[in-house]
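model-v3.csv (CSV, C-alpha atoms) appears below.
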```csv
chain,number,residue,atom,x,y,z
A,1,THR,CA,-29.7,-246.4,-97.9
A,2,MET,CA,-31.0,-243.9,-95.4
A,3,VAL,CA,-34.5,-242.5,-96.0
A,4,VAL,CA,-35.2,-239.1,-94.4
A,5,CYS,CA,-38.7,-237.8,-94.2
A,6,TYR,CA,-37.7,-234.2,-94.1
A,7,THR,CA,-39.6,-231.4,-92.3
A,8,ASP,CA,-38.3,-227.9,-91.4
A,9,LEU,CA,-37.5,-229.3,-87.9
A,10,TYR,CA,-35.2,-232.0,-89.1
A,11,LEU,CA,-32.0,-230.0,-89.3
A,12,THR,CA,-32.7,-227.9,-86.2
A,13,LYS,CA,-32.3,-230.9,-83.9
A,14,LEU,CA,-28.8,-231.8,-82.8
A,15,TRP,CA,-29.4,-235.5,-82.5
A,16,THR,CA,-30.8,-235.8,-86.0
A,17,VAL,CA,-27.8,-233.9,-87.4
A,18,TYR,CA,-25.6,-236.3,-85.4
A,19,GLU,CA,-27.4,-239.2,-87.0
A,20,ILE,CA,-26.8,-237.8,-90.5
A,21,ALA,CA,-23.1,-237.1,-89.7
A,22,THR,CA,-22.7,-240.7,-88.5
A,23,PHE,CA,-24.3,-242.1,-91.6
A,24,LEU,CA,-22.2,-239.9,-93.9
A,25,SER,CA,-19.1,-241.0,-92.2
A,26,LEU,CA,-19.8,-244.5,-93.4
A,27,TRP,CA,-21.6,-244.0,-96.7
A,28,PRO,CA,-21.5,-241.5,-99.6
A,29,VAL,CA,-24.1,-238.8,-99.7
A,30,ASP,CA,-25.9,-240.5,-102.7
A,31,HIS,CA,-27.0,-243.2,-100.2
A,32,ILE,CA,-29.4,-240.7,-98.5
A,33,LYS,CA,-32.9,-240.3,-100.0
A,34,ILE,CA,-34.6,-237.2,-98.8
A,35,ILE,CA,-38.4,-237.1,-99.1
A,36,PRO,CA,-40.2,-234.0,-98.0
A,37,ALA,CA,-43.0,-234.9,-95.5
A,38,SER,CA,-45.4,-233.1,-97.8
A,39,VAL,CA,-45.0,-235.7,-100.6
A,40,PRO,CA,-46.8,-238.6,-99.0
A,41,LYS,CA,-49.6,-236.2,-98.0
A,42,ALA,CA,-49.9,-235.0,-101.5
A,43,VAL,CA,-50.0,-238.5,-102.9
A,44,TYR,CA,-52.6,-239.7,-100.4
A,45,GLY,CA,-54.6,-236.5,-100.9
A,46,PHE,CA,-54.7,-237.0,-104.6
A,47,LEU,CA,-55.6,-240.7,-104.3
A,48,LEU,CA,-58.5,-239.7,-101.9
A,49,LEU,CA,-59.7,-237.1,-104.4
A,50,TRP,CA,-59.6,-239.7,-107.2
A,51,TYR,CA,-61.6,-242.1,-105.1
A,52,VAL,CA,-64.2,-239.3,-104.4
A,53,TYR,CA,-64.2,-238.6,-108.2
A,54,ASP,CA,-64.9,-242.2,-109.0
A,55,LEU,CA,-67.6,-242.4,-106.4
A,56,VAL,CA,-69.4,-239.2,-107.5
A,57,SER,CA,-69.1,-240.3,-111.2
A,58,MET,CA,-70.7,-243.7,-110.5
A,59,ILE,CA,-73.5,-242.0,-108.5
A,60,LEU,CA,-74.2,-239.5,-111.3
A,61,GLN,CA,-74.2,-242.3,-113.9
A,62,VAL,CA,-76.6,-244.4,-111.9
A,63,LEU,CA,-79.0,-241.7,-110.8
A,64,PHE,CA,-79.0,-239.4,-113.9
A,65,GLY,CA,-77.3,-241.3,-116.6
A,66,VAL,CA,-74.9,-238.3,-116.8
A,67,SER,CA,-71.4,-238.9,-118.1
A,68,TYR,CA,-70.4,-235.4,-119.5
A,69,VAL,CA,-69.7,-234.1,-115.9
A,70,ASP,CA,-66.5,-236.3,-115.9
A,71,PHE,CA,-64.6,-233.8,-118.0
A,72,PHE,CA,-65.3,-230.9,-115.5
A,73,VAL,CA,-64.4,-233.1,-112.6
A,74,VAL,CA,-61.2,-234.3,-114.2
A,75,ILE,CA,-60.2,-230.6,-114.9
A,76,GLY,CA,-60.9,-229.8,-111.2
A,77,LEU,CA,-58.9,-232.7,-110.0
A,78,PHE,CA,-56.0,-231.7,-112.3
A,79,TYR,CA,-56.1,-228.2,-110.9
A,80,ILE,CA,-56.0,-229.5,-107.3
A,81,MET,CA,-53.2,-231.9,-108.2
A,82,CYS,CA,-51.2,-229.0,-109.7
A,83,LYS,CA,-51.7,-226.9,-106.5
A,84,MET,CA,-50.5,-229.8,-104.4
A,85,LEU,CA,-47.4,-230.4,-106.5
A,86,ARG,CA,-46.6,-226.7,-106.5
A,87,ARG,CA,-46.7,-226.7,-102.7
A,88,VAL,CA,-44.4,-229.7,-102.6
A,89,GLU,CA,-41.9,-228.0,-105.0
A,90,ARG,CA,-42.0,-224.8,-102.9
A,91,GLY,CA,-41.2,-226.9,-99.9
A,92,LYS,CA,-38.2,-228.4,-101.7
A,93,VAL,CA,-36.9,-225.0,-102.5
A,94,LYS,CA,-37.2,-223.9,-98.8
A,95,MET,CA,-35.4,-227.2,-97.8
A,96,LEU,CA,-32.5,-226.5,-100.2
A,97,GLU,CA,-32.2,-222.9,-98.9
A,98,ARG,CA,-32.1,-224.2,-95.4
A,99,LEU,CA,-29.5,-226.8,-96.3
A,100,ALA,CA,-27.3,-224.1,-98.0
A,101,GLY,CA,-27.2,-222.1,-94.8
A,102,PHE,CA,-26.8,-225.0,-92.4
A,103,ASP,CA,-24.6,-224.7,-89.4
A,104,VAL,CA,-24.5,-227.4,-86.7
A,105,ARG,CA,-23.9,-224.8,-84.0
A,106,ARG,CA,-27.4,-223.3,-84.5
A,107,CYS,CA,-29.1,-226.7,-83.8
A,108,LYS,CA,-31.3,-227.1,-80.7
A,109,CYS,CA,-30.6,-229.7,-78.1
A,110,ALA,CA,-33.2,-230.9,-75.6
A,111,SER,CA,-30.4,-231.4,-73.1
A,112,GLU,CA,-27.6,-228.9,-73.3
A,113,ALA,CA,-25.4,-231.3,-71.4
A,114,ASP,CA,-25.4,-233.5,-74.6
A,115,ARG,CA,-24.1,-230.8,-76.9
A,116,PRO,CA,-20.3,-231.2,-76.1
A,117,PHE,CA,-20.6,-235.0,-76.4
A,118,VAL,CA,-22.3,-234.7,-79.8
A,119,TYR,CA,-19.9,-232.0,-81.1
A,120,ALA,CA,-16.9,-234.1,-80.0
A,121,ASN,CA,-18.2,-237.2,-81.8
A,122,ILE,CA,-19.1,-235.3,-85.0
A,123,CYS,CA,-15.5,-233.8,-85.0
A,124,LEU,CA,-14.0,-237.3,-84.5
A,125,LEU,CA,-16.1,-238.7,-87.3
A,126,MET,CA,-15.2,-235.8,-89.7
A,127,ARG,CA,-11.5,-236.1,-88.8
A,128,ALA,CA,-11.4,-239.8,-89.3
A,129,THR,CA,-13.4,-240.0,-92.5
A,130,HIS,CA,-12.6,-236.8,-94.3
A,131,GLY,CA,-8.8,-236.8,-93.7
A,132,LEU,CA,-8.8,-233.7,-91.5
A,133,ASP,CA,-5.6,-233.0,-89.5
A,134,GLU,CA,-5.8,-233.8,-85.8
A,135,GLU,CA,-4.6,-230.2,-85.3
A,136,THR,CA,-7.7,-228.8,-86.9
A,137,ASN,CA,-9.8,-227.1,-84.2
A,138,ASP,CA,-13.4,-228.2,-83.5
A,139,HIS,CA,-14.8,-224.9,-84.8
A,140,GLU,CA,-13.3,-225.5,-88.3
A,141,THR,CA,-14.2,-229.2,-88.2
A,142,LEU,CA,-17.9,-228.5,-87.4
```
Show me the file's structure as C-alpha cells.
Amino acid sequence: TMVVCYTDLYLTKLWTVYEIATFLSLWPVDHIKIIPASVPKAVYGFLLLWYVYDLVSMILQVLFGVSYVDFFVVIGLFYIMCKMLRRVERGKVKMLERLAGFDVRRCKCASEADRPFVYANICLLMRATHGLDEETNDHETL
C-alpha cells in the first residue's frame, strides 16, 4: 500500500507523478491511500482544543466550583470541529477537481533535462502494464 499525503503541489511535480505511475504499473489503484495534508492538522488541532477544554474545565471547577460552563465550551468546540472538517472536505473537492483535469505534460520539473527520461519511462510502463500497442505514440500514451 502506498500512502500519499496530498497537497495541491503533489500532482504538479513530475517526479511524484512518475512515482505514482511506477506504483500503478505494479499494483491496482485501490492500493493507494490518499490523505489530504489538512486531515492530520485538523485531527491534531481538535485534540489540542480538547486538551485546552479539559484544562480550562478543571481550573474553573477548582477555582469556582463551576461545572455549567462545560455545555457552552463543548458547543464552541463542536462548532470549531465542524469548521475544520468543512475545510478538509472542501480540500477533498478541490483535489478531485484537480485529478479530473490532470495532464502529465503540465507538470513542473526541477531539471528540464529529466523530462524526456521520465516521459519515456512512463510510456514504457503504461505500454507494458496496460496492453498498449508499441505503435501507440507517446502523446497518446501519456
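If you measure from each of A:Thr1, A:Asn121, A:Thr7, A:Thr12 to Pro36 of chain A using only C-alpha atoms, the closest one turns out to be A:Thr7.
Atom CA of Pro40 of chain A lies 28.5 Å from atom CA of Ile59 of chain A.
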| With all atoms listed in the file as the atoms that count, which of A:Thr129, A:Tyr119, A:Glu112, A:Val88 lies nearest to Val39 of chain A? | A:Val88
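Distance annotation: of A:Ser38, A:Thr136, A:Ser57, A:Thr16, the residue with the minimal separation from Cys123 of chain A is A:Thr136; atom set is only C-alpha atoms.
Counting from atom CA of Phe72 of chain A, the distance to atom CA of Leu48 of chain A is 17.6 Å.
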| said: List the spatial neighbours of Arg106 of chain A as number ranges by chain - criterion: any atom at most 12 Å away, all atoms listed in the file, same-chain residues fewer than 2 positions off excluded. | reply: A: 11-14, 17, 98, 101-104, 108-109, 115, 119, 142
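Comparing the minimum interatomic distances between Glu19 of chain A and each of A:Met84, A:Leu99, A:Leu63, A:Val3, counting only C-alpha atoms, we find that A:Val3 sits nearest.
Relative to atom CA of Asp138 of chain A, atom CA of Glu97 of chain A is found at 24.9 Å.
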| field | Residue among A:Phe71, A:Gly65, A:Ile80, A:Thr22 lying closest to Ala42 of chain A, counting only C-alpha atoms | value | A:Ile80
| task | Please provide as a list in words all residues within 10 Å of segment 25-28 of chain A, with the sequence filter that same-chain residues fewer than 3 positions apart are discarded (counting only C-alpha atoms). | result | Thr1, Met2, Glu19, Ile20, Ala21, Thr22, His31, Ile32, Ile122, Leu124, Leu125, Met126, Arg127, Ala128, Thr129 and His130 of chain A
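Near Phe46 of chain A, within 12 Å and counting only C-alpha atoms, sit A:Val39, A:Pro40, A:Lys41, A:Ala42, A:Val43, A:Leu49, A:Trp50, A:Tyr51, A:Val52, A:Tyr53, A:Val74, A:Gly76, A:Leu77, A:Phe78, A:Tyr79, A:Ile80, A:Met81, A:Cys82, A:Lys83, A:Met84, A:Leu85, not including residues fewer than 3 positions from it in the same chain.
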Fill-in result for segment 23-34 of chain A, all heavy atoms as a compact mmCIF listing (two decimals), in the coordinates of the input:
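Once everything was written out, this is rebuild29.txt:
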```txt
# COMPACT_ATOMS: atom_id res chain seq x y z
N PHE A 23 -24.06 -241.36 -90.39
CA PHE A 23 -24.30 -242.10 -91.60
C PHE A 23 -23.35 -241.67 -92.72
O PHE A 23 -22.81 -242.52 -93.43
CB PHE A 23 -25.78 -241.85 -92.08
CG PHE A 23 -26.15 -242.65 -93.29
CD1 PHE A 23 -26.60 -243.95 -93.15
CD2 PHE A 23 -26.05 -242.10 -94.56
CE1 PHE A 23 -26.93 -244.70 -94.27
CE2 PHE A 23 -26.38 -242.85 -95.68
CZ PHE A 23 -26.82 -244.15 -95.54
N LEU A 24 -23.11 -240.36 -92.85
CA LEU A 24 -22.20 -239.90 -93.90
C LEU A 24 -20.75 -240.25 -93.65
O LEU A 24 -19.95 -240.25 -94.57
CB LEU A 24 -22.34 -238.35 -94.03
CG LEU A 24 -23.64 -237.87 -94.66
CD1 LEU A 24 -23.72 -236.35 -94.64
CD2 LEU A 24 -23.81 -238.40 -96.08
N SER A 25 -20.42 -240.58 -92.41
CA SER A 25 -19.10 -241.00 -92.20
C SER A 25 -18.83 -242.44 -92.69
O SER A 25 -17.69 -242.84 -92.92
CB SER A 25 -18.75 -240.98 -90.66
OG SER A 25 -19.46 -241.99 -89.97
N LEU A 26 -19.91 -243.17 -92.91
CA LEU A 26 -19.80 -244.50 -93.40
C LEU A 26 -20.20 -244.72 -94.85
O LEU A 26 -19.75 -245.66 -95.50
CB LEU A 26 -20.67 -245.47 -92.52
CG LEU A 26 -20.34 -245.48 -91.03
CD1 LEU A 26 -21.40 -246.26 -90.27
CD2 LEU A 26 -18.96 -246.08 -90.80
N TRP A 27 -21.06 -243.84 -95.34
CA TRP A 27 -21.60 -244.00 -96.70
C TRP A 27 -21.53 -242.68 -97.45
O TRP A 27 -21.59 -241.63 -96.85
CB TRP A 27 -23.08 -244.43 -96.62
CG TRP A 27 -23.27 -245.73 -95.92
CD1 TRP A 27 -23.64 -245.89 -94.60
CD2 TRP A 27 -23.11 -247.03 -96.45
NE1 TRP A 27 -23.70 -247.22 -94.30
CE2 TRP A 27 -23.40 -247.95 -95.43
CE3 TRP A 27 -22.75 -247.52 -97.70
CZ2 TRP A 27 -23.33 -249.32 -95.62
CZ3 TRP A 27 -22.70 -248.89 -97.89
CH2 TRP A 27 -22.98 -249.77 -96.86
N PRO A 28 -21.45 -242.74 -98.78
CA PRO A 28 -21.50 -241.50 -99.60
C PRO A 28 -22.87 -240.86 -99.52
O PRO A 28 -23.87 -241.52 -99.23
CB PRO A 28 -21.11 -241.94 -100.98
CG PRO A 28 -21.31 -243.41 -101.01
CD PRO A 28 -21.23 -243.92 -99.61
N VAL A 29 -22.91 -239.59 -99.83
CA VAL A 29 -24.10 -238.80 -99.70
C VAL A 29 -25.24 -239.35 -100.66
O VAL A 29 -26.42 -239.19 -100.37
CB VAL A 29 -23.86 -237.31 -99.98
CG1 VAL A 29 -23.56 -237.06 -101.45
CG2 VAL A 29 -25.02 -236.45 -99.52
N ASP A 30 -24.87 -240.02 -101.75
CA ASP A 30 -25.90 -240.50 -102.70
C ASP A 30 -26.67 -241.71 -102.08
O ASP A 30 -27.62 -242.19 -102.69
CB ASP A 30 -25.32 -240.84 -104.03
CG ASP A 30 -24.27 -241.93 -104.00
OD1 ASP A 30 -23.69 -242.18 -102.94
OD2 ASP A 30 -24.04 -242.53 -105.07
N HIS A 31 -26.29 -242.18 -100.90
CA HIS A 31 -27.00 -243.20 -100.20
C HIS A 31 -28.14 -242.66 -99.31
O HIS A 31 -28.81 -243.41 -98.62
CB HIS A 31 -26.11 -244.11 -99.39
CG HIS A 31 -25.38 -245.12 -100.22
ND1 HIS A 31 -24.31 -244.79 -101.03
CD2 HIS A 31 -25.58 -246.43 -100.38
CE1 HIS A 31 -23.87 -245.87 -101.63
NE2 HIS A 31 -24.63 -246.89 -101.26
N ILE A 32 -28.31 -241.35 -99.30
CA ILE A 32 -29.40 -240.70 -98.50
C ILE A 32 -30.49 -240.31 -99.49
O ILE A 32 -30.23 -239.65 -100.49
CB ILE A 32 -28.89 -239.49 -97.74
CG1 ILE A 32 -27.90 -239.91 -96.66
CG2 ILE A 32 -30.07 -238.75 -97.11
CD1 ILE A 32 -27.37 -238.75 -95.84
N LYS A 33 -31.68 -240.71 -99.19
CA LYS A 33 -32.90 -240.30 -100.00
C LYS A 33 -33.68 -239.38 -99.08
O LYS A 33 -34.13 -239.77 -98.01
CB LYS A 33 -33.71 -241.53 -100.37
CG LYS A 33 -32.95 -242.58 -101.14
CD LYS A 33 -32.47 -242.05 -102.47
CE LYS A 33 -31.70 -243.14 -103.21
NZ LYS A 33 -30.69 -242.66 -104.07
N ILE A 34 -33.86 -238.16 -99.55
CA ILE A 34 -34.60 -237.20 -98.80
C ILE A 34 -35.99 -237.02 -99.43
O ILE A 34 -36.11 -236.72 -100.61
CB ILE A 34 -33.89 -235.82 -98.74
CG1 ILE A 34 -32.55 -235.99 -98.04
CG2 ILE A 34 -34.75 -234.78 -98.04
CD1 ILE A 34 -31.69 -234.75 -98.03
```
